[in-house]
Structures are given as structure tokens and as C-alpha cells.
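Visitor: Submitted below is the structure of interest, expressed as C-alpha cells.
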Amino acid sequence: MADPVIDTDGLAKRYGHTDALVDLTLRVEPGEIFGFLGPNGAGKTTAVKLLLGLARATGGSGTVLGAPLGDRAARHEIGYLPELFRYQPWLNAREVVELHARLRSVHGGDRGRAGGGAAHDPIAALDTVGLADRAGDAVGDFSKGMQQRLGLAVALLGAPRLVILDEPTSALDPVGRANVRSIVRGAAEAGSTIFLNSHLLTEVERVCDRVAIVDHGRVLASGRMDDLLGEPQVRLRITDLAAADVAELRRFGRLAVGEDGWLTITGIDSERIPDVVAAVVGAGGRVHAVDPARSTLEDLFMRLVGNAGAGAGSDSDSGSGSGSGGVVA
Amino acid sequence: MSGIRVIARLTLAEAARRRILWVLLVLTLLSVALTTWGIERLVALGRLEGDVTEVEIQVAVSQVLILVAFMFSFVLAMTAAFLGAPSIAADLESGVAHAMLARPIRRSDLVVGRWLGLVTIVVTYAALSGLLEIAAVRYVSGYAPPQPWLSVVFLAAQAVVLLTFAMLLSTRLPAIASGAICVVVFGLAWMAGVFAGVGRFFDAGPLVTVAEASRWLLPSDGLWRGTVFALEPPIVIAGLEGFGGPAASAHPFYAATPPPTEFLVWSAAWVVLVLALTSVSLSRRDL
């Protein structure tokens with residue numbers, strides 16, 4: 001097995017009398033998109049700062065790209081989008097990207113990986129985030145969303161081995177968020193490991209391979225998305241279907257009929273959902289709604305973190321919770 | 001390219017882009033024009049008076065030139081304080097520093113790069129304004145101070161001291177607080193020079209000790225005395241030594257001797273030490 005990109009053991013950070021992070025133990029493998037999920041104030045940004053050496057741990061240990069936390073040589077291979085994304089307002093977008101290219105090349109020259117040609121071109125980097133036509137405009141005139149996209153271009157510059165994104169879509173509209181998800185997947189396919197820090201559940205659920213849920217500075221759960229989310233489900237609202245035909249649907253998974261008239265099939269392969277619909281229609285039934293029931297990360301999160309003031313959002317404006325992907329007849 | 005060089009270039013580019021350089025240039029030309037015009041008028045009036053000798057005119061011009069130098073010294077001190085105070089703090093407060101310091105540069109690169117960029121600005125400003133003023137005064141009055149280059153060096157050194165001090169504060173305090181503290185401490189150091197002179201005249205040991213210690217803690221006033229000495233004609237030194245004696249040393253616009261060598265060595269070491277302390281202060285800070 002390849003060496004982990006991030007490996008921490010009991011990492012802790014204490015500010016005065018406040019524990020910002022307690023016993024952070026996690027391992028992020030090469031090439032994966034790792035979601036670091038938690039409510040506001042959970043310690044996510046503190047963890048990122050420790051990984052980058054922007055703050056010093058008060059306990060535990062860790063490595064990033066095989067080097068101690070904050071190692072300069074390792075930082076050559078890390079791209080970072082801060083939560084508070086601010087860049088010199090008096091520079092234009094192209095100059096900001098060029099500045100970070102120069103800062104990146106300070107240590108160890110330019111050792112970008114394959115495919116880095118486009119990744120080192122400032123205009124290509126800006127084009128990736130849809131800002132190529134604003135390359136000559138002053139950053140101070142940019143909206144927050146544009147500044148965040150600029151930050152993403154800066155983070156992905158040079159195709160770094162590790163990209164740390166701290167709340168990368170906090171200032172973006174639903175279209176922008178979808179674009180960022182696509183960009184993140186593209187970076188991962190190109191070989192980067194992505195550490196995605198977010199409190200937006202659906203964002204993490206849609207893009208991440210593995211997640212850790214953190215609150216009050218502690219990791220409450222971590223693992224592969226499939227393991228954490230449990231078995232997939234589909235919920236259907238059906239009428240005009242005979243009881244015998246309903247029972248026939250057991251071949252797709254475990255069947256339960258709710259008092260609200262919704263029918264739930266648990267353990268179904270999501271690829272077979274169209275077959276369920278075809279079976280119902282073929283038997284003379286009418287399908288009013290199909291809900292792939294993808295809210296289990298939210299369920300898990302709320303169960304772990306609790307309802308009161310959790311602060312985590314399900315970014316409903318981008319289509320979320322049980323309605324995600326749902327089809328209403 | 002080294003991290004220091006990248007940051008120094010960025011600092012200079014920021015000063016140019018934010019019109020700081022242009023503002024300083026225009027203000028310098030304006031100041032030199034106005035003060036030179038004033039001196040030319042004084043000289044013309046003096047020469048119209050039949051009983052004022054040329055030597056007296058030259059002495060008067062030398063004293064006005066020292067006052068003008070003090071104005072430039074004050075402006076330079078303010079410029080240094082208000083360039084140095086936000087140099088680190090503003091980037092930390094805005095978050096600009098986080099993205100840069102996640103790159104493979106040392107925090108000391110940020111400190112030294114910023115310092116080099118800002119030192120270039122204040123030293124250029126000091127040299128330009130100082131030499132232009134001296135040349136203009138010479139043109140309208142015929143008076144040339146004995147050591148014009150040295151006076152500018154001391155003027156610039158004083159600004160560098162204050163700039164470095166402001167940057168140290170900037171690593172731990174907000175920009176406004178750093179600037180305000182720097183200005184107050186500059187004033188106190190200047191007053192310490194006056195108190196040290198008065199204390200020596202009255203032989204007040206503790207006052208002299210405290211005042212001298214203050215001058216060594218922030219060597220700006222000692223360097224200012226170097227500017228004064230370099231601008232004084234020998235006749236003024238001889239005259240004040242003859243009439244004022246020790247009391248003259250309390251005068252903030254008079255210096256009987258150049259700053260001692262050990263003070264100059266200390267001033268250079270002070271800048272290096274404070275710059276190193278600034279780097280350590282930023283390096284040990286959680287961002």
C-alpha cells in the first residue's frame with residue numbers, strides 16, 4: 001500500500017483554555033477525495049492550519065506527504081484554498097496566479113507532475129475556473145464568488161500532489177458549486193489527492209470517497225462513504241398496483257410499505273431503480289414519485305452531531321436531502 | 001527566485017500600484033519648492049538689510065535648513081511608521097498571508113522581503129527629498145552644509161529604525177495600534193534626547209541614565225543628532241560651544257559632536273536584532 005498523503009496521530013490544538021482540536025487521528029490515501037465534515041467551529045480549519053504548518057500542534061504528531069507538518073519541501077506539492085480567501089486586491093487575477101507560481105517555485109524548483117504544462121499556465125489555470133476572460137481585471141473588483149474561484153485556480157496551480165480546500169464553495173451559487181465539484185473530480189482524476197473541508201453535507205456526499213465527521217475538535221466517525229451511509233434505498237409513491245405485484249418488488253431488495261403510502265426498497269442497487277419503475281408500470285401501477293433517498297449522510301451527521309445549533313447545512317439550494325435526484329411524476 | 005526577492009518585488013509593486021510612490025514624489029517636490037521659496041525670501045530680505053553680514057545669512061540659512069530637515073525627519077518617521085505598521089498585520093488580518101505562507105517560503109522571507117521593499121522606499125524618499133532640498137537651498141542661498149551626504153544617510157537611518165520597529169509591532173498588534181505606538185515612541189525618544197541634555201547640564205544622574213537608556217533602546221534621536229551635526233557649519237558649533245557650553249546639548253536642533261562610533265555600531269546591530277526578532281515573532285505565531 002502506498003504511503004498515506006496525510007497521516008495524523010492524536011493531533012491536538014489548544015488555544016488558551018479552549019480545545020480547538022482533540023485527538024485527530026486520520027489517514028488520507030493517495031488519489032482519494034477526502035471529506036472533512038463538521039459544523040461551524042468544529043475544528044476543521046484548525047486541523048487544516050496544523051496540516052499546513054500555519055499553526056503549531058499542542059499535542060500528537062502527523063505527516064503530510066511523508067514529511068513533518070509544515071515542512072517546506074512538502075508545501076511545494078500542496079495547493080491550498082483558505083476559508084478566508086483573500087488575495088492582493090491591487091493585483092489582477094493573472095498576476096495573483098503568477099505570484100503563487102513564483103512562491104511555489106521558491107523551494108525545490110518546479111517539480112510538477114505529468115500534465116503540468118497547462119497547470120502552470122496562468123491563463124489555463126484561470127480558464128479552469130471560468131475566469132480566463134477576467135484575467136486582466138483587478139482582484140479588488142471581483143465578487144466573493146469570483147475571488148473564491150480565483151483561490152481554487154491558485155490552489156490547483158501546478159497540479160500539486162495534495163489540494164486542501166477549506167470550504168471551497170461557501171461563496172458560490174448552485175451553478176458555481178456544481179462547477180467546483182466537477183473541477184475537484186477532474187483534479188483527483190489527474191492524480192491529486194483532495195482534502196475537502198466543508199460543512200455542506202450534500203457537497204461532501206456527492207464528491208468524496210471517504211469522510212471524517214468532526215465536532216468539538218474530535219473525530220466522531222470516519223470511513224468510506226458507502227460504509228458510513230449504510231445500504232442504499234429508494235422510496236416510491238405508487239397507486240393502482242395490486243398487492244401481489246407489490247410483493248413482486250421484493251426481488252429488488254427488502255420491502256417496506258409506510259403508513260404514508262410510500263413504499264421503501266432497501267438494499268437496492270441504484271442502477272436497478274429504472275427497472276423497479278418499469279416493473280411497476282408494466283404491472284399496471286402508476287408511479288407518482290421516485291426518491292433515491294440519499295439523505296443518509298445528513299441522518300448520520302445529525303445523529304452524531306445533534307440537531308441543536310449544529311450549523312451544518314444541506315445546501316438545499318443545490319438540491320439536497322431526500323429530494324436529491326428525485327423525480328416527481 | 002528566492003522568497004525574499006519575490007516578497008520585496010511584491011512590496012515595491014504594491015507601493016507603485018497603490019500610488020504611494022507618486023504621492024511621496026509629489027509631496028517631496030511640493031515641500032522642497034515651498035521651503036526653498038521661503039529660504040530664498042529670507043536670504044533676499046537679509047541681503048537688503050545693510051547691517052546683516054553674509055556670514056550671518058549663511059548661519060541663519062543653516063539653522064533654517066536644520067528645521068526643514070527636522071520636518072523631513074518627522075515626515076519620514078510617519079511614513080516609516082505607517083508603511084511598516086500594516087506591512088505584516090494587514091496581511092494577517094485580511095487573510096492574504098495565509099495563502100502565501102502555505103507556499104514553500106519561510107516566514108522570515110516574508111519579513112525580510114517586506115523590510116527590503118519598504119527600506120528601498122524610505123531610503124529613496126530620504127535621499128531624494130534630502131539631497132534635493134540641500135541642492136535647492138544651495139542654489140538660492142549659496143549655503144552648502146559640510147556633509148550633505150552624511151546628513152541624508154542619518155536621515156534615512158532614522159527612518160529605517162522606525163520602520164523596523166513598526167514591523168516588529170506589526171507581527172503581534174493590529175496595524176493601527178502598531179502605527180500609533182511607533183509614533184508615540186518616536187516622540188518619546190526625541191524628548192529623551194532633550195531630557196538627557198538638560199539632565200547633564202543640571203548634573204541630574206538618574207534623569208541622564210533613564211534618558212540615555214531610552215535613546216539606546218530606540219536609537220532614532222541619536223541618529224537625528226547625526227543629521228543635525230552633518231548640516232551644521234563649524235562656526236555654529238564653535239559659537240554654541242563658546243556661549244552655551246553643556247546647556248547647548250539639550251537643544252534638539254544642535255549637536256556639538258557626531259554620534260559616537262559605538263552608538264552607530266549599536267544602531268546597525270539594533271536594526272539587525274529587531275529584524276531577527278520580527279522574524280521570530282511571526283514564526284512563533286499561530287495564523
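Here's how to read the names in the C-alpha cells: chain A, B, ... by the order shown, residue numbers from 1 in each chain, ligand numbers from 1 in the order shown.
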If the cut-off is 9 Å, can you tell me the residues of chain B near chain A, counting only C-alpha atoms? I'd like them as a ChimeraX atom specification.
Guide: /B:1-3,6-7,10,14,17-18,91,94-106,284-287
Visitor: Need the shell around segment 256-267 of chain A: protein/DNA/RNA residues with any atom at most 10 Å away, counting only C-alpha atoms. Skip same-chain ones fewer than 6 positions apart. Format as a count of residues only?
Guide: 21
Visitor: Choose the residue, out of B:Ser281, B:Ser87, B:Thr164, B:Gln158, that has the smallest atom-to-atom separation from Arg114 of chain B; count only C-alpha atoms.
Guide: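 Result for the nearest residue to Arg114 of chain B: B:Ser87.
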Visitor: Got a sec: who's within 12 Å of Gly130 of chain A, counting only C-alpha atoms, leaving out chain neighbours fewer than 2 positions off, as an mmCIF file with C-alpha atoms, in the first residue's frame?
Guide:
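Now in part-v3.cif:
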```
data_model
loop_
_atom_site.group_PDB
_atom_site.id
_atom_site.type_symbol
_atom_site.label_atom_id
_atom_site.label_comp_id
_atom_site.auth_asym_id
_atom_site.auth_seq_id
_atom_site.Cartn_x
_atom_site.Cartn_y
_atom_site.Cartn_z
ATOM 1 C CA ALA A 93 -6.173 37.753 -11.496
ATOM 2 C CA ILE A 123 -4.498 31.667 -18.225
ATOM 3 C CA ALA A 124 -5.157 27.912 -18.377
ATOM 4 C CA ALA A 125 -5.480 27.865 -14.580
ATOM 5 C CA LEU A 126 -7.954 30.750 -14.715
ATOM 6 C CA ASP A 127 -9.817 29.102 -17.581
ATOM 7 C CA THR A 128 -10.334 26.019 -15.417
ATOM 8 C CA ALA A 132 -9.883 33.496 -18.207
ATOM 9 C CA ASP A 133 -11.833 36.442 -19.584
ATOM 10 C CA ARG A 134 -11.255 38.378 -16.343
ATOM 11 C CA ALA A 135 -7.507 37.687 -16.179
ATOM 12 C CA GLY A 145 -17.641 34.111 -5.658
ATOM 13 C CA MET A 146 -15.076 35.166 -8.258
ATOM 14 C CA GLN A 147 -12.400 35.555 -5.584
ATOM 15 C CA GLN A 148 -13.174 32.064 -4.346
ATOM 16 C CA ARG A 149 -12.875 30.682 -7.866
ATOM 17 C CA LEU A 150 -9.573 32.532 -8.221
ATOM 18 C CA LEU A 152 -9.367 27.498 -6.466
ATOM 19 C CA ALA A 153 -7.246 28.256 -9.549
ATOM 20 C CA VAL A 175 -24.090 26.501 -10.599
ATOM 21 C CA GLY A 176 -20.716 27.507 -9.210
ATOM 22 C CA ASN A 179 -18.622 23.520 -11.380
ATOM 23 C CA VAL A 180 -16.349 23.184 -8.355
ATOM 24 C CA ILE A 183 -13.174 20.627 -11.090
#
```
Visitor: Which residue, B:Thr11, B:Ser31, B:Thr53, B:Thr278, has the smallest gap to Ser108 of chain B when you use only C-alpha atoms?
Guide: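 Ranked by minimum distance to Ser108 of chain B, first place goes to B:Thr278.
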Visitor: Compare B:Tyr139, B:Ile39, B:Asp51, B:Ile66 by their minimum atom-to-atom distance to Arg225 of chain B, counting only C-alpha atoms, and give me the closest one.
Guide: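 Of B:Tyr139, B:Ile39, B:Asp51, B:Ile66, the one nearest Arg225 of chain B, counting only C-alpha atoms, is B:Ile66.
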Visitor: Got a sec: who's within 12 Å of Asp227 of chain A, counting only C-alpha atoms, leaving out chain neighbours fewer than 3 positions off, as a PyMOL selection string?
Guide: chain A and resi 209-212+221-224+230-232+296-297+300
